[in-house]
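**Student:** structure_6.txt is the file, holding compact mmCIF, C-alpha atoms and all ligand atoms:
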```
# COMPACT_ATOMS: atom_id res chain seq x y z
CA MET K 1 43.49 -13.72 7.16
CA GLU K 2 42.03 -12.51 10.40
CA GLU K 3 38.70 -14.02 11.41
CA ILE K 4 36.92 -10.65 11.34
CA ASN K 5 37.95 -10.04 7.72
CA LEU K 6 36.76 -13.49 6.70
CA LEU K 7 33.43 -12.81 8.36
CA ALA K 8 33.03 -9.54 6.45
CA GLU K 9 33.75 -11.40 3.21
CA LYS K 10 31.23 -14.08 4.14
CA LEU K 11 28.54 -11.45 4.76
CA CYS K 12 29.16 -9.96 1.32
CA ALA K 13 29.04 -13.37 -0.37
CA GLU K 14 26.01 -14.80 1.43
CA HIS K 15 24.03 -11.71 2.60
CA LYS K 16 23.49 -13.42 5.93
CA LEU K 17 25.29 -14.58 9.05
CA SER K 18 24.29 -16.41 12.22
CA VAL K 19 23.29 -14.34 15.24
CA SER K 20 26.60 -15.11 16.96
CA GLU K 21 28.51 -14.14 13.82
CA TYR K 22 26.68 -10.79 13.65
CA GLU K 23 27.58 -10.28 17.28
CA PHE K 24 31.22 -11.07 16.62
CA LEU K 25 31.24 -8.72 13.63
CA ILE K 26 29.83 -5.81 15.64
CA LYS K 27 32.06 -6.40 18.66
CA ASN K 28 35.29 -6.87 16.75
CA ARG K 29 34.87 -4.41 13.89
CA THR K 30 38.06 -2.62 12.97
CA ASN K 31 38.47 0.55 10.92
CA TYR K 32 39.53 -1.65 8.06
CA VAL K 33 36.42 -3.83 8.19
CA THR K 34 34.14 -0.82 8.63
CA GLU K 35 35.61 0.82 5.54
CA PHE K 36 35.52 -2.43 3.59
CA LEU K 37 31.82 -2.99 4.31
CA ARG K 38 30.99 0.66 3.72
CA GLN K 39 32.54 0.48 0.27
CA LYS K 40 30.72 -2.77 -0.52
CA ALA K 41 27.44 -1.25 0.66
CA VAL K 42 27.94 1.81 -1.54
CA ASP K 43 28.83 -0.37 -4.55
CA ILE K 44 25.72 -2.52 -4.05
CA ARG K 45 23.50 0.51 -3.59
CA LYS K 46 24.93 2.13 -6.73
CA SER K 47 24.42 -1.02 -8.79
CA ILE K 48 20.67 -0.86 -8.02
CA TYR K 49 19.86 2.81 -7.40
CA GLY K 50 22.77 4.59 -9.10
CA ASN K 51 23.44 7.93 -7.45
CA SER K 52 19.71 8.65 -7.00
CA VAL K 53 18.45 9.53 -3.56
CA TYR K 54 14.73 9.22 -2.83
CA ILE K 55 12.99 11.82 -0.71
CA ARG K 56 9.92 11.46 1.48
CA GLY K 57 8.01 14.44 2.80
CA LEU K 58 7.47 13.86 6.51
CA ILE K 59 4.24 15.26 7.93
CA GLU K 60 4.11 15.00 11.72
CA PHE K 61 0.37 15.37 12.02
CA THR K 62 -0.26 14.69 15.72
CA ASN K 63 1.92 14.58 18.82
CA ARG K 64 -0.84 13.14 20.97
CA CYS K 65 -0.19 9.58 22.04
CA LYS K 66 -1.96 7.07 24.25
CA ASN K 67 1.22 5.08 24.73
CA ASP K 68 3.99 5.57 27.22
CA CYS K 69 7.18 4.25 25.64
CA TYR K 70 9.99 5.03 28.09
CA TYR K 71 12.26 6.57 25.44
CA CYS K 72 9.89 8.94 23.67
CA GLY K 73 9.17 12.59 24.35
CA LEU K 74 5.59 12.21 23.10
CA ARG K 75 4.70 9.60 25.75
CA LYS K 76 1.45 10.32 27.52
CA SER K 77 3.13 10.82 30.90
CA ASN K 78 5.05 13.82 29.58
CA LEU K 79 2.82 16.59 30.86
CA ASN K 80 5.22 19.25 29.61
CA CYS K 81 4.50 18.48 25.99
CA ASP K 82 2.44 21.10 24.16
CA ARG K 83 -0.01 18.86 22.30
CA TYR K 84 -1.42 19.47 18.83
CA ARG K 85 -3.19 17.70 16.05
CA LEU K 86 -3.48 18.93 12.47
CA GLU K 87 -6.79 19.08 10.69
CA GLU K 88 -7.43 17.28 7.44
CA LYS K 89 -7.15 20.44 5.41
CA GLN K 90 -3.79 21.34 6.98
CA ILE K 91 -2.42 17.87 6.22
CA VAL K 92 -3.67 18.03 2.65
CA ALA K 93 -2.17 21.51 2.27
CA CYS K 94 1.24 20.11 3.34
CA THR K 95 1.03 17.51 0.58
CA ASP K 96 0.04 20.13 -2.00
CA GLU K 97 3.05 22.23 -1.02
CA GLY K 98 5.21 19.12 -1.03
CA TYR K 99 4.08 18.15 -4.50
CA GLU K 100 5.24 21.52 -5.82
CA LEU K 101 8.59 20.93 -4.12
CA GLY K 102 9.04 17.63 -5.96
CA TYR K 103 7.92 15.13 -3.34
CA ARG K 104 6.15 12.03 -4.65
CA THR K 105 5.91 10.22 -1.30
CA PHE K 106 4.27 11.60 1.82
CA VAL K 107 4.83 10.03 5.21
CA LEU K 108 2.06 10.70 7.70
CA GLN K 109 3.58 10.11 11.10
CA GLY K 110 2.13 10.61 14.53
CA GLY K 111 1.59 9.33 18.03
CA GLU K 112 -1.15 6.78 18.63
CA ASP K 113 -3.92 9.35 18.74
CA PRO K 114 -7.42 7.81 18.99
CA PHE K 115 -8.89 10.91 17.32
CA PHE K 116 -7.54 9.51 14.06
CA SER K 117 -10.04 6.72 13.69
CA ASP K 118 -10.12 4.66 10.51
CA GLU K 119 -12.82 6.93 9.19
CA VAL K 120 -10.81 10.12 9.77
CA LEU K 121 -7.52 8.68 8.47
CA CYS K 122 -9.11 7.03 5.43
CA SER K 123 -10.70 10.31 4.42
CA ILE K 124 -7.28 12.04 4.58
CA ILE K 125 -5.62 9.27 2.57
CA ARG K 126 -8.34 9.35 -0.09
CA LYS K 127 -8.06 13.10 -0.43
CA ILE K 128 -4.28 13.00 -0.86
CA LYS K 129 -4.50 10.21 -3.43
CA GLN K 130 -7.26 12.04 -5.26
CA ASN K 131 -5.16 15.24 -5.49
CA HIS K 132 -1.94 13.39 -6.30
CA PRO K 133 -2.59 9.96 -7.82
CA ASP K 134 1.06 9.68 -8.83
CA CYS K 135 2.22 9.81 -5.20
CA ALA K 136 2.74 7.14 -2.56
CA VAL K 137 1.29 7.56 0.92
CA THR K 138 3.21 6.03 3.79
CA LEU K 139 1.70 5.72 7.26
CA SER K 140 3.56 5.62 10.55
CA VAL K 141 0.89 5.60 13.21
CA GLY K 142 1.75 2.59 15.33
CA GLU K 143 -0.16 -0.52 16.27
CA ARG K 144 -3.73 -0.97 15.04
CA SER K 145 -6.08 -3.87 14.39
CA GLU K 146 -5.98 -6.04 11.29
CA GLU K 147 -9.31 -4.58 10.26
CA SER K 148 -7.95 -1.07 10.60
CA TYR K 149 -4.83 -1.80 8.55
CA ARG K 150 -7.05 -3.25 5.84
CA ALA K 151 -9.27 -0.16 5.77
CA LEU K 152 -6.21 2.12 5.50
CA PHE K 153 -4.78 0.03 2.68
CA GLU K 154 -8.06 0.01 0.82
CA ALA K 155 -8.29 3.79 1.17
CA GLY K 156 -5.06 3.97 -0.82
CA ALA K 157 -2.13 3.93 1.63
CA ASP K 158 0.84 2.20 0.02
CA ARG K 159 3.45 1.72 2.72
CA TYR K 160 3.63 1.43 6.51
CA LEU K 161 6.51 2.15 8.86
CA LEU K 162 6.42 0.32 12.17
CA ARG K 163 9.83 -0.05 13.72
CA HIS K 164 10.09 -3.26 15.67
CA GLU K 165 12.33 -1.25 18.11
CA THR K 166 14.16 -4.37 19.29
CA ALA K 167 13.94 -8.00 18.20
CA ASP K 168 14.57 -9.23 21.75
CA GLU K 169 11.46 -9.75 23.83
CA LEU K 170 13.14 -9.13 27.19
CA HIS K 171 14.79 -5.97 25.88
CA TYR K 172 11.43 -4.83 24.52
CA SER K 173 9.94 -5.14 28.00
CA LYS K 174 12.63 -2.82 29.37
CA LEU K 175 11.78 -0.08 26.87
CA HIS K 176 8.00 -0.21 27.23
CA PRO K 177 5.51 -0.29 30.07
CA GLU K 178 3.35 -3.28 30.81
CA GLY K 179 0.49 -3.45 28.38
CA MET K 180 2.68 -2.91 25.35
CA SER K 181 3.78 -6.22 23.98
CA PHE K 182 6.58 -7.42 21.78
CA LYS K 183 4.35 -10.13 20.38
CA ASN K 184 1.71 -7.64 19.32
CA ARG K 185 4.32 -5.40 17.66
CA MET K 186 5.75 -8.32 15.70
CA ASN K 187 2.29 -9.56 14.83
CA CYS K 188 1.38 -6.12 13.48
CA LEU K 189 4.35 -6.31 11.10
CA SER K 190 3.15 -9.66 9.73
CA VAL K 191 -0.40 -8.40 9.39
CA LEU K 192 0.79 -5.29 7.57
CA ARG K 193 2.67 -7.42 5.10
CA LYS K 194 -0.28 -9.75 4.58
CA THR K 195 -2.54 -6.74 4.03
CA GLY K 196 -0.43 -5.69 1.07
CA PHE K 197 1.63 -2.80 2.41
CA ALA K 198 5.29 -2.29 1.64
CA VAL K 199 6.53 -2.61 5.22
CA GLY K 200 9.23 -0.78 7.14
CA ALA K 201 10.78 -2.20 10.30
CA GLY K 202 13.65 -0.69 12.24
CA PHE K 203 15.27 -0.01 15.58
CA MET K 204 17.18 2.51 17.64
CA VAL K 205 20.92 2.13 18.00
CA GLY K 206 22.15 2.50 21.57
CA SER K 207 18.80 2.33 23.31
CA PRO K 208 19.12 1.66 27.06
CA PHE K 209 20.05 -1.93 27.99
CA GLN K 210 20.99 -2.70 24.37
CA THR K 211 24.17 -4.69 23.80
CA GLU K 212 25.71 -6.18 20.68
CA LYS K 213 23.62 -9.27 21.37
CA GLU K 214 20.33 -7.43 20.91
CA LEU K 215 21.68 -5.66 17.83
CA SER K 216 22.65 -8.96 16.27
CA GLU K 217 19.09 -10.19 16.84
CA ASP K 218 17.86 -7.04 15.09
CA LEU K 219 20.06 -7.85 12.10
CA LYS K 220 18.81 -11.43 12.04
CA PHE K 221 15.25 -10.14 12.09
CA ILE K 222 15.91 -7.82 9.14
CA GLU K 223 17.54 -10.71 7.29
CA THR K 224 14.63 -13.09 7.84
CA PHE K 225 11.64 -10.71 7.69
CA GLN K 226 13.05 -8.92 4.63
CA PRO K 227 11.22 -5.60 5.11
CA GLU K 228 11.01 -3.25 2.12
CA MET K 229 12.28 -0.43 4.36
CA CYS K 230 14.36 -0.18 7.50
CA GLY K 231 14.58 2.91 9.69
CA ILE K 232 17.51 3.01 12.06
CA GLY K 233 18.82 5.94 14.03
CA PRO K 234 20.67 6.53 17.26
CA PHE K 235 18.69 6.69 20.49
CA ILE K 236 18.78 10.26 21.82
CA PRO K 237 17.48 10.99 25.33
CA HIS K 238 14.54 13.28 25.98
CA ARG K 239 14.63 15.28 29.20
CA GLU K 240 11.03 14.50 30.20
CA THR K 241 11.30 10.70 30.05
CA PRO K 242 12.54 7.96 32.39
CA PHE K 243 15.60 7.69 30.11
CA ALA K 244 16.52 11.38 30.46
CA ARG K 245 19.94 10.58 31.90
CA GLU K 246 20.85 7.77 29.53
CA LYS K 247 23.46 8.43 26.91
CA SER K 248 22.90 8.75 23.19
CA GLY K 249 23.66 5.97 20.75
CA SER K 250 26.71 6.10 18.53
CA ALA K 251 26.68 7.69 15.08
CA GLU K 252 29.61 5.54 14.04
CA LEU K 253 27.83 2.32 14.99
CA THR K 254 24.64 3.52 13.27
CA CYS K 255 26.60 4.05 10.04
CA PHE K 256 28.26 0.66 10.37
CA LEU K 257 24.85 -1.00 10.74
CA LEU K 258 23.51 0.90 7.72
CA SER K 259 26.27 -0.70 5.67
CA VAL K 260 25.56 -4.15 7.07
CA ILE K 261 21.82 -3.83 6.40
CA ARG K 262 22.46 -2.70 2.82
CA ILE K 263 24.56 -5.82 2.30
CA ILE K 264 21.97 -8.09 3.95
CA LYS K 265 19.21 -6.78 1.67
CA PRO K 266 20.73 -5.05 -1.36
CA ASN K 267 17.56 -3.35 -2.64
CA ILE K 268 16.17 -2.20 0.72
CA LEU K 269 14.94 1.38 1.10
CA LEU K 270 17.16 2.74 3.82
CA PRO K 271 16.88 6.28 5.18
CA ALA K 272 19.64 8.43 6.61
CA THR K 273 17.47 9.48 9.56
CA THR K 274 16.87 12.79 11.30
CA ALA K 275 18.17 11.29 14.55
CA LEU K 276 21.52 10.61 12.87
CA ALA K 277 21.54 14.19 11.54
CA THR K 278 20.75 15.43 15.04
CA LEU K 279 23.73 13.65 16.53
CA ILE K 280 26.30 14.74 13.93
CA PRO K 281 25.97 17.75 11.60
CA ASP K 282 26.73 15.78 8.45
CA GLY K 283 24.58 12.81 9.50
CA ARG K 284 22.51 12.72 6.31
CA GLU K 285 25.64 12.70 4.15
CA ARG K 286 27.36 10.12 6.32
CA GLY K 287 24.27 7.91 6.20
CA ILE K 288 24.16 8.01 2.39
CA LEU K 289 27.89 7.38 2.20
CA SER K 290 27.38 4.29 4.39
CA GLY K 291 24.76 2.76 2.07
CA ALA K 292 21.48 4.61 2.75
CA ASN K 293 19.40 5.78 -0.23
CA VAL K 294 16.54 7.78 1.28
CA VAL K 295 16.20 11.10 3.14
CA MET K 296 13.04 12.34 4.80
CA PRO K 297 12.96 16.12 5.01
CA ASN K 298 10.32 17.74 7.17
CA LEU K 299 7.11 18.95 5.53
CA SER K 300 5.21 19.73 8.73
CA PRO K 301 3.90 23.29 9.25
CA LEU K 302 6.61 25.39 10.89
CA ALA K 303 4.32 26.22 13.83
CA VAL K 304 4.22 22.62 15.09
CA ARG K 305 7.68 21.35 14.31
CA LYS K 306 9.27 22.05 17.68
CA LYS K 307 6.36 20.35 19.39
CA TYR K 308 7.01 17.01 17.70
CA GLU K 309 9.89 16.31 20.00
CA LEU K 310 10.62 12.58 20.11
CA TYR K 311 14.07 13.41 21.53
CA ASN K 312 15.95 16.55 22.48
CA ASN K 313 17.59 18.97 20.03
CA LYS K 314 15.93 17.49 16.96
CA VAL K 315 17.23 19.29 13.87
CA CYS K 316 15.30 21.03 11.08
CA THR K 317 12.58 22.44 13.32
CA GLY K 318 13.20 26.07 12.40
CA GLU K 319 13.25 25.88 8.63
CA GLU K 320 10.48 26.32 6.09
CA SER K 321 9.68 23.21 4.02
CA ALA K 322 11.03 24.85 0.88
CA ARG K 323 14.34 25.55 2.61
CA CYS K 324 14.61 21.98 3.93
CA ARG K 325 14.13 20.80 0.37
CA VAL K 326 16.91 23.06 -0.97
CA CYS K 327 19.17 22.08 1.92
CA ALA K 328 18.66 18.37 1.18
CA ASP K 329 19.52 19.00 -2.48
CA LYS K 330 22.73 20.79 -1.61
CA ARG K 331 23.82 18.19 0.88
CA MET K 332 23.33 15.34 -1.59
CA GLN K 333 25.00 17.20 -4.45
CA SER K 334 27.99 17.95 -2.25
CA ILE K 335 28.71 14.21 -2.02
CA GLY K 336 27.92 13.37 -5.65
CA TYR K 337 24.34 12.17 -5.24
CA GLN K 338 21.12 13.47 -6.79
CA ILE K 339 17.65 13.76 -5.31
CA VAL K 340 15.08 12.56 -7.83
CA VAL K 341 11.41 13.42 -8.33
CA ASP K 342 10.04 9.89 -8.02
CA ARG K 343 7.78 7.77 -5.82
CA GLY K 344 10.89 5.81 -4.99
CA ASP K 345 9.48 2.31 -4.76
CA MET K 346 11.82 -0.55 -3.95
CA LYS K 347 13.50 -1.84 -7.10
CA SER K 348 13.90 -5.49 -7.88
CA PHE K 349 17.39 -6.58 -8.76
N1 LIG V 1 3.94 6.40 17.19
C1 LIG V 1 4.51 5.74 16.06
C2 LIG V 1 5.35 6.64 15.17
C3 LIG V 1 6.04 7.79 15.82
S1 LIG V 1 7.46 7.43 16.76
C4 LIG V 1 5.34 4.55 16.52
O1 LIG V 1 5.75 4.54 17.68
O2 LIG V 1 5.55 3.65 15.71
C5 LIG V 1 8.63 7.03 15.48
C6 LIG V 1 9.92 6.41 15.94
O3 LIG V 1 10.71 7.37 16.64
C7 LIG V 1 9.82 5.26 16.90
O4 LIG V 1 9.56 4.07 16.20
C8 LIG V 1 11.18 5.27 17.60
O5 LIG V 1 12.05 4.29 17.05
C9 LIG V 1 11.71 6.68 17.32
N2 LIG V 1 12.04 7.37 18.58
C10 LIG V 1 11.19 7.64 19.61
N3 LIG V 1 11.88 8.20 20.64
C11 LIG V 1 13.17 8.27 20.27
C12 LIG V 1 14.37 8.72 20.89
N4 LIG V 1 14.36 9.20 22.14
N5 LIG V 1 15.53 8.64 20.20
C13 LIG V 1 15.55 8.17 18.94
N6 LIG V 1 14.47 7.71 18.30
C14 LIG V 1 13.28 7.75 18.95
FE1 LIG V 2 3.79 7.13 21.15
FE2 LIG V 2 5.33 6.26 19.10
FE3 LIG V 2 6.35 7.84 21.05
FE4 LIG V 2 5.69 5.30 21.63
S1 LIG V 2 7.31 5.97 20.17
S2 LIG V 2 5.20 7.13 22.89
S3 LIG V 2 3.88 5.02 20.35
S4 LIG V 2 4.80 8.39 19.57
```
How does the structure come out when it is put into structure tokens?

**Tutor:**
Amino acid sequence: MEEINLLAEKLCAEHKLSVSEYEFLIKNRTNYVTEFLRQKAVDIRKSIYGNSVYIRGLIEFTNRCKNDCYYCGLRKSNLNCDRYRLEEKQIVACTDEGYELGYRTFVLQGGEDPFFSDEVLCSIIRKIKQNHPDCAVTLSVGERSEESYRALFEAGADRYLLRHETADELHYSKLHPEGMSFKNRMNCLSVLRKTGFAVGAGFMVGSPFQTEKELSEDLKFIETFQPEMCGIGPFIPHRETPFAREKSGSAELTCFLLSVIRIIKPNILLPATTALATLIPDGRERGILSGANVVMPNLSPLAVRKKYELYNNKVCTGEESARCRVCADKRMQSIGYQIVVDRGDMKSF
């Protein structure tokens, strides 16, 4: 049999490969291998999660950021960004609405906004957990101190999403200005785990300067760190950033990597991301059909949605939360999957 087919079989049998084998797999993938791994990923996902899809209500609570990541529309150097931050009562109101819509996980995501000190964030977390003790709270607010992560965990936050962005230190330095460090990012992930959070890592597919080599390092990192969650989506340029003229990542490659990640860690919580849905109209469906098991519809107030512009043409910025919820239901049903009212913790297998 061809070498590439043997490698695909080896991945399925051992749930791991060497970095150079991952690279070979990505570079030499054929339609046959892609379809083979996709089917395996779906089978594995179904054996653990059935046809259930977990939903997370995404609340984009601040677009203010002290960082200057070259790829992101919220970077502080973008002076054409109309900045906002939600108040505690607005954030809590989003979760109350979300609860009625069947969400049992809320993801509070934002730029690194110093206004949200530990005190301010902890108060919000406590309030949400007090109103909805049966819900999980996930934070996605970037790099903080060990002490801060501990305070947030003790206030009741359950999970933390911090994409590693790239597992290659040199590549990291090409995506971020001086002062942001790969080592600190990676250290934050370890600290988050030690603190007790369920941790989400992840990366962009097709970010500038990325080759199959960097992607294979990302896969090795997922394999060794074993995060509970992994967010991957295509890079999409934003007009007001240094990467404005770079091209978008590939939806096809993103789906292929979703399948590979599902096989590497069978029970991982893996979202079909908004970036994938922005690049292709049936991105959420294609993500699920490649092995993903989570979708994250938008729960942010309609008035701020367009302002949370990480990249251009982001979808679902004009719809009410209730309509996003119905839309997600329809999309999943159309491919034979079912959104469930559940916290959606990672299952053991
Ligand atoms: N400030 C926090 C969370 C908000 S950004 C943080 O940086 O961790 C959330 C994610 O959006 C980032 O991790 C990044 O992977 C993704 N993102 C930012 N700009 C993007 C772009 N232009 N295309 C695709 N994804 C992007
Ligand atoms: Fe800020 Fe996150 Fe955007 Fe970086 S990716 S500029 S930390 S919001």

**Student:** Would you please work out which residue, of K:Asp113, K:Glu119, K:Glu246, K:Glu217, is nearest to ligand LIG 2 (chain V) when using all atoms listed in the file?

**Tutor:** K:Asp113

**Student:** Residues up to 10 Å from ligand LIG 2 (chain V), counting only C-alpha atoms and all ligand atoms: could you list those as an mmCIF file with C-alpha atoms, in the frame of the given file?

**Tutor:**
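After the write, out-v6.cif holds the following:
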```cif
data_model
loop_
_atom_site.group_PDB
_atom_site.id
_atom_site.type_symbol
_atom_site.label_atom_id
_atom_site.label_comp_id
_atom_site.auth_asym_id
_atom_site.auth_seq_id
_atom_site.Cartn_x
_atom_site.Cartn_y
_atom_site.Cartn_z
ATOM 1 C CA THR K 62 -0.260 14.690 15.720
ATOM 2 C CA ASN K 63 1.920 14.580 18.820
ATOM 3 C CA ARG K 64 -0.840 13.140 20.970
ATOM 4 C CA CYS K 65 -0.190 9.580 22.040
ATOM 5 C CA LYS K 66 -1.960 7.070 24.250
ATOM 6 C CA ASN K 67 1.220 5.080 24.730
ATOM 7 C CA ASP K 68 3.990 5.570 27.220
ATOM 8 C CA CYS K 69 7.180 4.250 25.640
ATOM 9 C CA TYR K 70 9.990 5.030 28.090
ATOM 10 C CA TYR K 71 12.260 6.570 25.440
ATOM 11 C CA CYS K 72 9.890 8.940 23.670
ATOM 12 C CA GLY K 73 9.170 12.590 24.350
ATOM 13 C CA LEU K 74 5.590 12.210 23.100
ATOM 14 C CA ARG K 75 4.700 9.600 25.750
ATOM 15 C CA LYS K 76 1.450 10.320 27.520
ATOM 16 C CA SER K 77 3.130 10.820 30.900
ATOM 17 C CA ASN K 78 5.050 13.820 29.580
ATOM 18 C CA GLN K 109 3.580 10.110 11.100
ATOM 19 C CA GLY K 110 2.130 10.610 14.530
ATOM 20 C CA GLY K 111 1.590 9.330 18.030
ATOM 21 C CA GLU K 112 -1.150 6.780 18.630
ATOM 22 C CA ASP K 113 -3.920 9.350 18.740
ATOM 23 C CA SER K 140 3.560 5.620 10.550
ATOM 24 C CA VAL K 141 0.890 5.600 13.210
ATOM 25 C CA GLY K 142 1.750 2.590 15.330
ATOM 26 C CA GLU K 143 -0.160 -0.520 16.270
ATOM 27 C CA LEU K 162 6.420 0.320 12.170
ATOM 28 C CA ARG K 163 9.830 -0.050 13.720
ATOM 29 C CA GLU K 165 12.330 -1.250 18.110
ATOM 30 C CA LEU K 175 11.780 -0.080 26.870
ATOM 31 C CA HIS K 176 8.000 -0.210 27.230
ATOM 32 C CA MET K 180 2.680 -2.910 25.350
ATOM 33 C CA TYR K 308 7.010 17.010 17.700
ATOM 34 C CA GLU K 309 9.890 16.310 20.000
ATOM 35 C CA LEU K 310 10.620 12.580 20.110
ATOM 36 C CA TYR K 311 14.070 13.410 21.530
#
```

**Student:** Take CA of Tyr54 in chain K and CA of Ala272 in chain K and report the distance between them in Å, one decimal.

**Tutor:**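 Between CA of Tyr54 in chain K and CA of Ala272 in chain K the gap is 10.7 Å.
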
**Student:** By how many Å are CA of Gly283 in chain K and CA of Asp158 in chain K apart?

**Tutor:**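 According to the coordinates, CA of Gly283 in chain K and CA of Asp158 in chain K are separated by 27.7 Å.
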
**Student:** Which residue is closest to ligand LIG 1 (chain V)? Choose from K:Met186, K:Leu302, K:Cys12, K:Ile44 and count only C-alpha atoms and all ligand atoms.

**Tutor:**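 Looking only at the distances to ligand LIG 1 (chain V), the closest residue turns out to be K:Met186.
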
**Student:** Which is closest to Ala93 in chain K among K:Met332, K:Cys324, K:Ile124, K:Ile232, if we use all atoms listed in the file?

**Tutor:**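 Between K:Met332, K:Cys324, K:Ile124, K:Ile232, the residue approaching Ala93 in chain K most closely is K:Ile124.
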